[in-house]
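Pasting my_file_14.pdb here (PDB, C-alpha atoms, pLDDT in the B column):
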```pdb
ATOM      1  CA  MET Y   1      -4.452   7.002  18.430  1.00 43.00           C
ATOM      2  CA  SER Y   2      -3.957  10.714  19.008  1.00 42.00           C
ATOM      3  CA  ALA Y   3      -5.590  13.490  16.976  1.00 48.00           C
ATOM      4  CA  PRO Y   4      -2.322  14.544  15.247  1.00 50.00           C
ATOM      5  CA  GLU Y   5      -1.707  10.940  14.234  1.00 59.00           C
ATOM      6  CA  ASP Y   6      -5.267  10.756  12.863  1.00 74.00           C
ATOM      7  CA  ALA Y   7      -4.629  13.889  10.785  1.00 74.00           C
ATOM      8  CA  GLY Y   8      -1.397  12.411   9.428  1.00 83.00           C
ATOM      9  CA  HIS Y   9      -3.152   9.160   8.576  1.00 88.00           C
ATOM     10  CA  LEU Y  10      -5.788  11.049   6.614  1.00 95.00           C
ATOM     11  CA  ALA Y  11      -3.317  13.252   4.751  1.00 96.00           C
ATOM     12  CA  PHE Y  12      -1.066  10.361   3.740  1.00 98.00           C
ATOM     13  CA  MET Y  13      -4.010   8.155   2.764  1.00 98.00           C
ATOM     14  CA  ALA Y  14      -5.462  11.031   0.740  1.00 97.00           C
ATOM     15  CA  ARG Y  15      -2.155  11.181  -1.155  1.00 98.00           C
ATOM     16  CA  ALA Y  16      -2.305   7.415  -1.741  1.00 98.00           C
ATOM     17  CA  LEU Y  17      -5.801   7.908  -3.187  1.00 98.00           C
ATOM     18  CA  GLU Y  18      -4.504  10.652  -5.502  1.00 98.00           C
ATOM     19  CA  LEU Y  19      -1.893   8.198  -6.753  1.00 98.00           C
ATOM     20  CA  ALA Y  20      -4.587   5.526  -7.181  1.00 98.00           C
ATOM     21  CA  ARG Y  21      -6.294   7.902  -9.582  1.00 97.00           C
ATOM     22  CA  CYS Y  22      -3.041   8.114 -11.581  1.00 98.00           C
ATOM     23  CA  ALA Y  23      -3.256   4.343 -11.994  1.00 98.00           C
ATOM     24  CA  GLU Y  24      -6.873   4.625 -13.083  1.00 96.00           C
ATOM     25  CA  VAL Y  25      -6.006   7.211 -15.754  1.00 96.00           C
ATOM     26  CA  GLU Y  26      -3.449   4.725 -17.113  1.00 97.00           C
ATOM     27  CA  GLY Y  27      -6.074   1.944 -17.222  1.00 96.00           C
ATOM     28  CA  GLU Y  28      -4.616   0.165 -14.191  1.00 97.00           C
ATOM     29  CA  VAL Y  29      -6.496  -1.011 -11.110  1.00 97.00           C
ATOM     30  CA  PRO Y  30      -6.601   2.158  -8.960  1.00 98.00           C
ATOM     31  CA  VAL Y  31      -4.284   1.473  -6.048  1.00 98.00           C
ATOM     32  CA  GLY Y  32      -1.799   4.000  -4.701  1.00 98.00           C
ATOM     33  CA  ALA Y  33       0.833   3.910  -1.967  1.00 98.00           C
ATOM     34  CA  VAL Y  34       3.168   6.244  -0.107  1.00 98.00           C
ATOM     35  CA  LEU Y  35       6.054   5.358   2.188  1.00 98.00           C
ATOM     36  CA  VAL Y  36       6.532   7.793   5.050  1.00 98.00           C
ATOM     37  CA  LEU Y  37       9.611   8.154   7.221  1.00 98.00           C
ATOM     38  CA  ASP Y  38       9.833  10.717  10.028  1.00 97.00           C
ATOM     39  CA  GLY Y  39       6.662  12.422   8.800  1.00 96.00           C
ATOM     40  CA  THR Y  40       7.941  12.858   5.221  1.00 97.00           C
ATOM     41  CA  ILE Y  41       6.918  10.987   2.083  1.00 98.00           C
ATOM     42  CA  VAL Y  42      10.048   9.212   0.835  1.00 98.00           C
ATOM     43  CA  GLY Y  43       8.433   6.956  -1.761  1.00 98.00           C
ATOM     44  CA  GLU Y  44       5.334   7.006  -3.934  1.00 98.00           C
ATOM     45  CA  GLY Y  45       3.782   4.559  -6.344  1.00 98.00           C
ATOM     46  CA  TRP Y  46       0.671   3.356  -8.093  1.00 98.00           C
ATOM     47  CA  ASN Y  47      -0.283   0.171  -9.875  1.00 98.00           C
ATOM     48  CA  ARG Y  48       1.534  -0.189 -13.204  1.00 98.00           C
ATOM     49  CA  PRO Y  49       1.752  -3.908 -14.052  1.00 98.00           C
ATOM     50  CA  ILE Y  50      -0.190  -3.652 -17.316  1.00 97.00           C
ATOM     51  CA  GLY Y  51       1.629  -0.637 -18.731  1.00 96.00           C
ATOM     52  CA  GLY Y  52       5.011  -1.888 -17.601  1.00 96.00           C
ATOM     53  CA  ASN Y  53       4.418  -5.544 -18.521  1.00 98.00           C
ATOM     54  CA  ASP Y  54       5.579  -6.262 -14.980  1.00 98.00           C
ATOM     55  CA  PRO Y  55       3.489  -8.441 -12.656  1.00 98.00           C
ATOM     56  CA  THR Y  56       5.430  -7.099  -9.666  1.00 98.00           C
ATOM     57  CA  ALA Y  57       4.619  -3.427 -10.369  1.00 98.00           C
ATOM     58  CA  HIS Y  58       2.011  -3.087  -7.634  1.00 98.00           C
ATOM     59  CA  ALA Y  59       1.641   0.276  -5.895  1.00 98.00           C
ATOM     60  CA  GLU Y  60       3.460  -0.907  -2.761  1.00 98.00           C
ATOM     61  CA  ILE Y  61       6.422  -2.243  -4.725  1.00 98.00           C
ATOM     62  CA  GLN Y  62       6.596   0.973  -6.751  1.00 98.00           C
ATOM     63  CA  ALA Y  63       6.635   3.049  -3.543  1.00 98.00           C
ATOM     64  CA  LEU Y  64       9.379   0.850  -2.042  1.00 98.00           C
ATOM     65  CA  ARG Y  65      11.447   1.126  -5.239  1.00 98.00           C
ATOM     66  CA  ASP Y  66      11.007   4.898  -5.267  1.00 98.00           C
ATOM     67  CA  ALA Y  67      12.086   5.145  -1.629  1.00 98.00           C
ATOM     68  CA  GLY Y  68      15.093   2.925  -2.289  1.00 98.00           C
ATOM     69  CA  ALA Y  69      16.219   5.164  -5.136  1.00 98.00           C
ATOM     70  CA  ARG Y  70      15.691   8.335  -3.093  1.00 98.00           C
ATOM     71  CA  LEU Y  71      17.301   7.063   0.115  1.00 98.00           C
ATOM     72  CA  GLY Y  72      19.988   4.801  -1.317  1.00 98.00           C
ATOM     73  CA  ASN Y  73      18.856   1.859   0.787  1.00 98.00           C
ATOM     74  CA  TYR Y  74      16.568  -1.149   0.518  1.00 98.00           C
ATOM     75  CA  ARG Y  75      15.463  -1.207   4.144  1.00 98.00           C
ATOM     76  CA  PHE Y  76      13.202   1.311   5.829  1.00 98.00           C
ATOM     77  CA  PRO Y  77      13.022   0.692   9.587  1.00 97.00           C
ATOM     78  CA  GLY Y  78      10.656   3.064  11.355  1.00 97.00           C
ATOM     79  CA  SER Y  79       8.668   3.755   8.176  1.00 98.00           C
ATOM     80  CA  THR Y  80       4.935   3.546   7.536  1.00 98.00           C
ATOM     81  CA  LEU Y  81       3.450   2.453   4.230  1.00 98.00           C
ATOM     82  CA  TYR Y  82       0.033   3.897   3.402  1.00 98.00           C
ATOM     83  CA  VAL Y  83      -1.794   1.987   0.689  1.00 98.00           C
ATOM     84  CA  SER Y  84      -5.344   2.352  -0.566  1.00 98.00           C
ATOM     85  CA  LEU Y  85      -5.908  -1.443  -0.757  1.00 98.00           C
ATOM     86  CA  GLU Y  86      -4.847  -4.208   1.623  1.00 98.00           C
ATOM     87  CA  PRO Y  87      -1.503  -5.624   0.418  1.00 98.00           C
ATOM     88  CA  CYS Y  88      -1.378  -8.975  -1.385  1.00 98.00           C
ATOM     89  CA  ALA Y  89       0.983 -11.798  -0.386  1.00 97.00           C
ATOM     90  CA  MET Y  90       3.709 -10.639  -2.805  1.00 98.00           C
ATOM     91  CA  CYS Y  91       3.624  -7.101  -1.444  1.00 98.00           C
ATOM     92  CA  ALA Y  92       3.485  -8.336   2.147  1.00 96.00           C
ATOM     93  CA  GLY Y  93       6.711 -10.256   1.515  1.00 95.00           C
ATOM     94  CA  ALA Y  94       8.407  -7.177   0.088  1.00 97.00           C
ATOM     95  CA  ILE Y  95       7.176  -5.087   3.028  1.00 97.00           C
ATOM     96  CA  VAL Y  96       8.681  -7.568   5.487  1.00 96.00           C
ATOM     97  CA  HIS Y  97      11.997  -7.707   3.591  1.00 96.00           C
ATOM     98  CA  ALA Y  98      12.122  -3.898   3.468  1.00 97.00           C
ATOM     99  CA  ARG Y  99      11.663  -3.796   7.261  1.00 96.00           C
ATOM    100  CA  VAL Y 100       8.686  -1.439   7.044  1.00 97.00           C
ATOM    101  CA  ALA Y 101       7.483  -0.893  10.604  1.00 97.00           C
ATOM    102  CA  ARG Y 102       3.829  -0.273   9.889  1.00 97.00           C
ATOM    103  CA  VAL Y 103       1.242  -0.613   7.128  1.00 98.00           C
ATOM    104  CA  VAL Y 104      -1.932   1.459   7.068  1.00 98.00           C
ATOM    105  CA  TYR Y 105      -4.416   0.478   4.381  1.00 98.00           C
ATOM    106  CA  GLY Y 106      -7.816   1.707   3.272  1.00 98.00           C
ATOM    107  CA  ALA Y 107      -9.970  -0.989   1.675  1.00 98.00           C
ATOM    108  CA  ALA Y 108      -9.830  -4.647   2.622  1.00 97.00           C
ATOM    109  CA  ASP Y 109      -9.187  -7.135  -0.199  1.00 97.00           C
ATOM    110  CA  PRO Y 110     -11.446 -10.166   0.339  1.00 95.00           C
ATOM    111  CA  LYS Y 111      -9.971 -11.942  -2.711  1.00 95.00           C
ATOM    112  CA  GLY Y 112      -6.242 -11.572  -2.103  1.00 96.00           C
ATOM    113  CA  GLY Y 113      -5.494  -9.531   1.010  1.00 97.00           C
ATOM    114  CA  ALA Y 114      -2.542 -10.656   3.114  1.00 96.00           C
ATOM    115  CA  ALA Y 115      -3.253  -8.573   6.219  1.00 95.00           C
ATOM    116  CA  GLY Y 116      -6.062 -10.728   7.512  1.00 93.00           C
ATOM    117  CA  SER Y 117      -8.650 -10.945   4.737  1.00 95.00           C
ATOM    118  CA  VAL Y 118      -7.353 -14.075   2.981  1.00 95.00           C
ATOM    119  CA  PHE Y 119      -3.848 -14.516   4.391  1.00 93.00           C
ATOM    120  CA  ASP Y 120      -2.520 -13.251   7.700  1.00 91.00           C
ATOM    121  CA  LEU Y 121       1.070 -12.347   6.846  1.00 92.00           C
ATOM    122  CA  LEU Y 122       0.949  -8.834   8.318  1.00 91.00           C
ATOM    123  CA  PRO Y 123       1.514  -8.844  11.282  1.00 82.00           C
ATOM    124  CA  SER Y 124       0.535 -12.236  12.614  1.00 74.00           C
ATOM    125  CA  ASP Y 125       2.999 -14.620  11.015  1.00 76.00           C
ATOM    126  CA  GLU Y 126       5.696 -15.103  13.627  1.00 81.00           C
ATOM    127  CA  ARG Y 127       7.828 -17.213  11.295  1.00 85.00           C
ATOM    128  CA  PHE Y 128       9.213 -14.063   9.662  1.00 85.00           C
ATOM    129  CA  ASN Y 129      12.299 -12.443  11.155  1.00 85.00           C
ATOM    130  CA  HIS Y 130      10.540  -9.047  11.053  1.00 88.00           C
ATOM    131  CA  ARG Y 131       6.994  -8.183  12.068  1.00 90.00           C
ATOM    132  CA  THR Y 132       5.078  -5.276  10.626  1.00 94.00           C
ATOM    133  CA  PHE Y 133       2.243  -3.655  12.553  1.00 94.00           C
ATOM    134  CA  CYS Y 134      -0.867  -3.330  10.401  1.00 95.00           C
ATOM    135  CA  GLU Y 135      -4.012  -1.216  10.570  1.00 95.00           C
ATOM    136  CA  GLY Y 136      -6.861  -1.263   8.083  1.00 96.00           C
ATOM    137  CA  GLY Y 137      -9.923   0.789   7.299  1.00 95.00           C
ATOM    138  CA  VAL Y 138      -8.383   4.273   7.188  1.00 96.00           C
ATOM    139  CA  MET Y 139     -10.567   6.102   4.654  1.00 96.00           C
ATOM    140  CA  GLY Y 140     -11.852   2.642   3.820  1.00 96.00           C
ATOM    141  CA  ASP Y 141     -15.149   3.821   2.333  1.00 97.00           C
ATOM    142  CA  GLU Y 142     -13.413   6.263  -0.014  1.00 97.00           C
ATOM    143  CA  CYS Y 143     -10.812   3.694  -1.069  1.00 97.00           C
ATOM    144  CA  SER Y 144     -13.476   1.041  -1.665  1.00 97.00           C
ATOM    145  CA  GLU Y 145     -15.586   3.441  -3.728  1.00 97.00           C
ATOM    146  CA  VAL Y 146     -12.687   4.245  -6.082  1.00 96.00           C
ATOM    147  CA  LEU Y 147     -12.229   0.522  -6.745  1.00 97.00           C
ATOM    148  CA  ARG Y 148     -15.962  -0.206  -7.034  1.00 96.00           C
ATOM    149  CA  THR Y 149     -16.461   2.613  -9.545  1.00 96.00           C
ATOM    150  CA  PHE Y 150     -13.455   1.477 -11.599  1.00 96.00           C
ATOM    151  CA  PHE Y 151     -14.710  -2.096 -11.883  1.00 94.00           C
ATOM    152  CA  LYS Y 152     -18.308  -1.012 -12.651  1.00 93.00           C
ATOM    153  CA  ARG Y 153     -17.035   1.009 -15.612  1.00 90.00           C
ATOM    154  CA  ARG Y 154     -15.025  -1.947 -16.932  1.00 84.00           C
ATOM    155  CA  ARG Y 155     -18.010  -4.322 -16.975  1.00 79.00           C
TER     156      ARG Y 155
END
```

Just give me the structure as structure tokens.
Amino acid sequence: MSAPEDAGHLAFMARALELARCAEVEGEVPVGAVLVLDGTIVGEGWNRPIGGNDPTAHAEIQALRDAGARLGNYRFPGSTLYVSLEPCAMCAGAIVHARVARVVYGAADPKGGAAGSVFDLLPSDERFNHRTFCEGGVMGDECSEVLRTFFKRRR
């Protein structure tokens, strides 16, 4: 990975972490996501299932919905989704259907991650008609700390 790509990874993941804090302020599990196309953020989201009474309102889904509204499309070939927590199986399915090219996540999710932690849907499952490249651990310590602190306060 080149230095400019590293810088972009950090900037976009930092934005995802800012959005995770929006979720935390709303009493939601602090996860944030941004969808990037051609170096520009085209969709943003944070966890909102509790406030919206919507079990599908995960950060990734919110970012995909936002991008769809902005771009007038439901598919995003060539895009990269930055998310502070490894996507779950539901989000992995949406990512595949949206034709996202790449997912970059911060913290691994050992209880429900679908990018290798529990399930291996991104990118390894060849049964899908689209494969998404996946990279984890970008700002992983920072992303993990936000989640750890949130759950410590709730106990």

Can you give me, as a list in words, the residues this file yields under the PyMOL selection byres ((chain Y and resi 33) around 9)?
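Evaluating the PyMOL selection byres ((chain Y and resi 33) around 9) on these coordinates yields Phe12, Met13, Arg15, Ala16, Leu17, Leu19, Ala20, Val31, Gly32, Val34, Leu35, Gly43, Glu44, Gly45, Trp46, Asn47, Ala59, Glu60, Ile61, Gln62, Ala63, Leu81, Tyr82, Val83, Ser84, Leu85 and Tyr105 of chain Y.
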
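Picture a line from CA of Arg148 (chain Y) to CA of Glu86 (chain Y); it runs 14.6 Å.
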
Evaluate the PyMOL selection byres ((chain Y and resi 125) around 12) and report residues as a PyMOL selection string
chain Y and resi 89+92-93+96+114-116+119-124+126-134

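CA of Leu37 (chain Y) to CA of Val118 (chain Y) spans 28.3 Å [interatomic distance, one decimal].
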
Please measure the separation of CA of Pro30 (chain Y) and CA of Phe150 (chain Y), giving the value in Å to one decimal.
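The value is 7.4 Å.
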
Report as a short mmCIF file (atom, residue, chain, number, x, y, z; two decimals) with C-alpha atoms, keeping the file's coordinate frame all protein, DNA and RNA residues lying within 9 Å of Arg75 (chain Y), evaluated on all atoms listed in the file, omitting residues in the same chain fewer than 3 positions from it.
```
data_model
loop_
_atom_site.label_atom_id
_atom_site.label_comp_id
_atom_site.auth_asym_id
_atom_site.auth_seq_id
_atom_site.Cartn_x
_atom_site.Cartn_y
_atom_site.Cartn_z
CA LEU Y 64 9.38 0.85 -2.04
CA GLY Y 68 15.09 2.92 -2.29
CA HIS Y 97 12.00 -7.71 3.59
CA ALA Y 98 12.12 -3.90 3.47
CA ARG Y 99 11.66 -3.80 7.26
CA VAL Y 100 8.69 -1.44 7.04
#
```

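Using only C-alpha atoms, the set of residues no farther than 6 Å from the position (6.8, 3.3, 12.8) comprises Gly78, Ser79, Thr80, Ala101 and Arg102 of chain Y.
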
Can you give me, as a VMD selection string, the residues this file yields under the PyMOL selection byres ((chain Y and resi 137) around 10)?
chain Y and resid 84 to 86 104 to 108 135 to 136 138 to 144

Which one is closest to Leu71 (chain Y): Y:Val42, Y:Glu26, Y:Ile50, Y:Pro110? Count all atoms listed in the file.
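The closest residue to Leu71 (chain Y) is Y:Val42.
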
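Distances from Y:Pro87, Y:Gly8, Y:Gly39, Y:Pro49 to Ala23 (chain Y) were compared using only C-alpha atoms, and the smallest one belongs to Y:Pro49.
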
Name the closest residue to Gly52 (chain Y) among the candidates Y:Asp66, Y:Glu28, Y:Asp38, Y:Glu18; distances are taken between atoms, counting only C-alpha atoms.
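Residue with the minimum atom-to-atom distance to Gly52 (chain Y): Y:Glu28.
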
Generate all heavy atoms for region 42-53 of chain Y and emit them as a CSV table (one decimal), keeping the file's coordinate frame.
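Okay, this is what ended up in out_38.csv:
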```
chain,number,residue,atom,x,y,z
Y,42,VAL,N,8.8,9.5,1.5
Y,42,VAL,CA,10.0,9.2,0.8
Y,42,VAL,C,9.9,8.3,-0.4
Y,42,VAL,O,10.9,8.0,-1.1
Y,42,VAL,CB,11.0,8.6,1.9
Y,42,VAL,CG1,11.4,9.6,3.0
Y,42,VAL,CG2,10.5,7.3,2.5
Y,43,GLY,N,8.7,7.8,-0.6
Y,43,GLY,CA,8.4,7.0,-1.8
Y,43,GLY,C,7.0,7.0,-2.1
Y,43,GLY,O,6.1,7.0,-1.3
Y,44,GLU,N,6.7,7.0,-3.4
Y,44,GLU,CA,5.3,7.0,-3.9
Y,44,GLU,C,5.2,6.0,-5.1
Y,44,GLU,O,6.2,5.8,-5.8
Y,44,GLU,CB,4.9,8.4,-4.5
Y,44,GLU,CG,4.9,9.5,-3.4
Y,44,GLU,CD,4.4,10.8,-4.0
Y,44,GLU,OE1,4.7,11.1,-5.2
Y,44,GLU,OE2,3.8,11.5,-3.2
Y,45,GLY,N,4.0,5.5,-5.2
Y,45,GLY,CA,3.8,4.6,-6.3
Y,45,GLY,C,2.3,4.3,-6.6
Y,45,GLY,O,1.5,4.5,-5.7
Y,46,TRP,N,2.0,3.8,-7.8
Y,46,TRP,CA,0.7,3.4,-8.1
Y,46,TRP,C,0.8,2.1,-9.0
Y,46,TRP,O,1.9,1.9,-9.5
Y,46,TRP,CB,-0.2,4.5,-8.7
Y,46,TRP,CG,0.4,5.0,-10.0
Y,46,TRP,CD1,0.2,4.6,-11.3
Y,46,TRP,CD2,1.2,6.1,-10.2
Y,46,TRP,NE1,0.8,5.3,-12.2
Y,46,TRP,CE2,1.5,6.3,-11.5
Y,46,TRP,CE3,1.8,7.0,-9.3
Y,46,TRP,CZ2,2.3,7.4,-12.0
Y,46,TRP,CZ3,2.6,8.1,-9.7
Y,46,TRP,CH2,2.8,8.2,-11.1
Y,47,ASN,N,-0.3,1.4,-9.1
Y,47,ASN,CA,-0.3,0.2,-9.9
Y,47,ASN,C,0.1,0.5,-11.3
Y,47,ASN,O,-0.4,1.4,-11.9
Y,47,ASN,CB,-1.7,-0.5,-9.9
Y,47,ASN,CG,-1.9,-1.4,-8.8
Y,47,ASN,OD1,-1.0,-1.6,-7.9
Y,47,ASN,ND2,-3.0,-2.1,-8.7
Y,48,ARG,N,1.1,-0.3,-11.8
Y,48,ARG,CA,1.5,-0.2,-13.2
Y,48,ARG,C,1.9,-1.5,-13.9
Y,48,ARG,O,2.7,-1.5,-14.8
Y,48,ARG,CB,2.7,0.7,-13.2
Y,48,ARG,CG,2.4,2.1,-12.6
Y,48,ARG,CD,3.5,3.1,-12.8
Y,48,ARG,NE,3.2,3.8,-14.0
Y,48,ARG,CZ,4.0,4.7,-14.5
Y,48,ARG,NH1,5.1,5.1,-13.9
Y,48,ARG,NH2,3.7,5.3,-15.6
Y,49,PRO,N,1.3,-2.6,-13.4
Y,49,PRO,CA,1.8,-3.9,-14.1
Y,49,PRO,C,1.4,-4.0,-15.5
Y,49,PRO,O,2.2,-4.6,-16.3
Y,49,PRO,CB,1.1,-5.0,-13.2
Y,49,PRO,CG,0.0,-4.3,-12.5
Y,49,PRO,CD,0.4,-2.9,-12.4
Y,50,ILE,N,0.2,-3.5,-15.9
Y,50,ILE,CA,-0.2,-3.7,-17.3
Y,50,ILE,C,0.7,-2.8,-18.2
Y,50,ILE,O,1.3,-3.3,-19.2
Y,50,ILE,CB,-1.7,-3.2,-17.5
Y,50,ILE,CG1,-2.6,-4.2,-16.7
Y,50,ILE,CG2,-2.1,-3.3,-19.0
Y,50,ILE,CD1,-4.0,-3.7,-16.5
Y,51,GLY,N,0.8,-1.5,-17.9
Y,51,GLY,CA,1.6,-0.6,-18.7
Y,51,GLY,C,3.1,-1.0,-18.8
Y,51,GLY,O,3.8,-0.8,-19.8
Y,52,GLY,N,3.6,-1.5,-17.7
Y,52,GLY,CA,5.0,-1.9,-17.6
Y,52,GLY,C,5.3,-3.3,-17.9
Y,52,GLY,O,6.5,-3.8,-17.9
Y,53,ASN,N,4.3,-4.1,-18.3
Y,53,ASN,CA,4.4,-5.5,-18.5
Y,53,ASN,C,5.2,-6.2,-17.4
Y,53,ASN,O,6.1,-7.0,-17.6
Y,53,ASN,CB,5.1,-5.8,-19.9
Y,53,ASN,CG,4.3,-5.3,-21.0
Y,53,ASN,OD1,3.1,-5.5,-21.1
Y,53,ASN,ND2,4.9,-4.5,-21.9
```
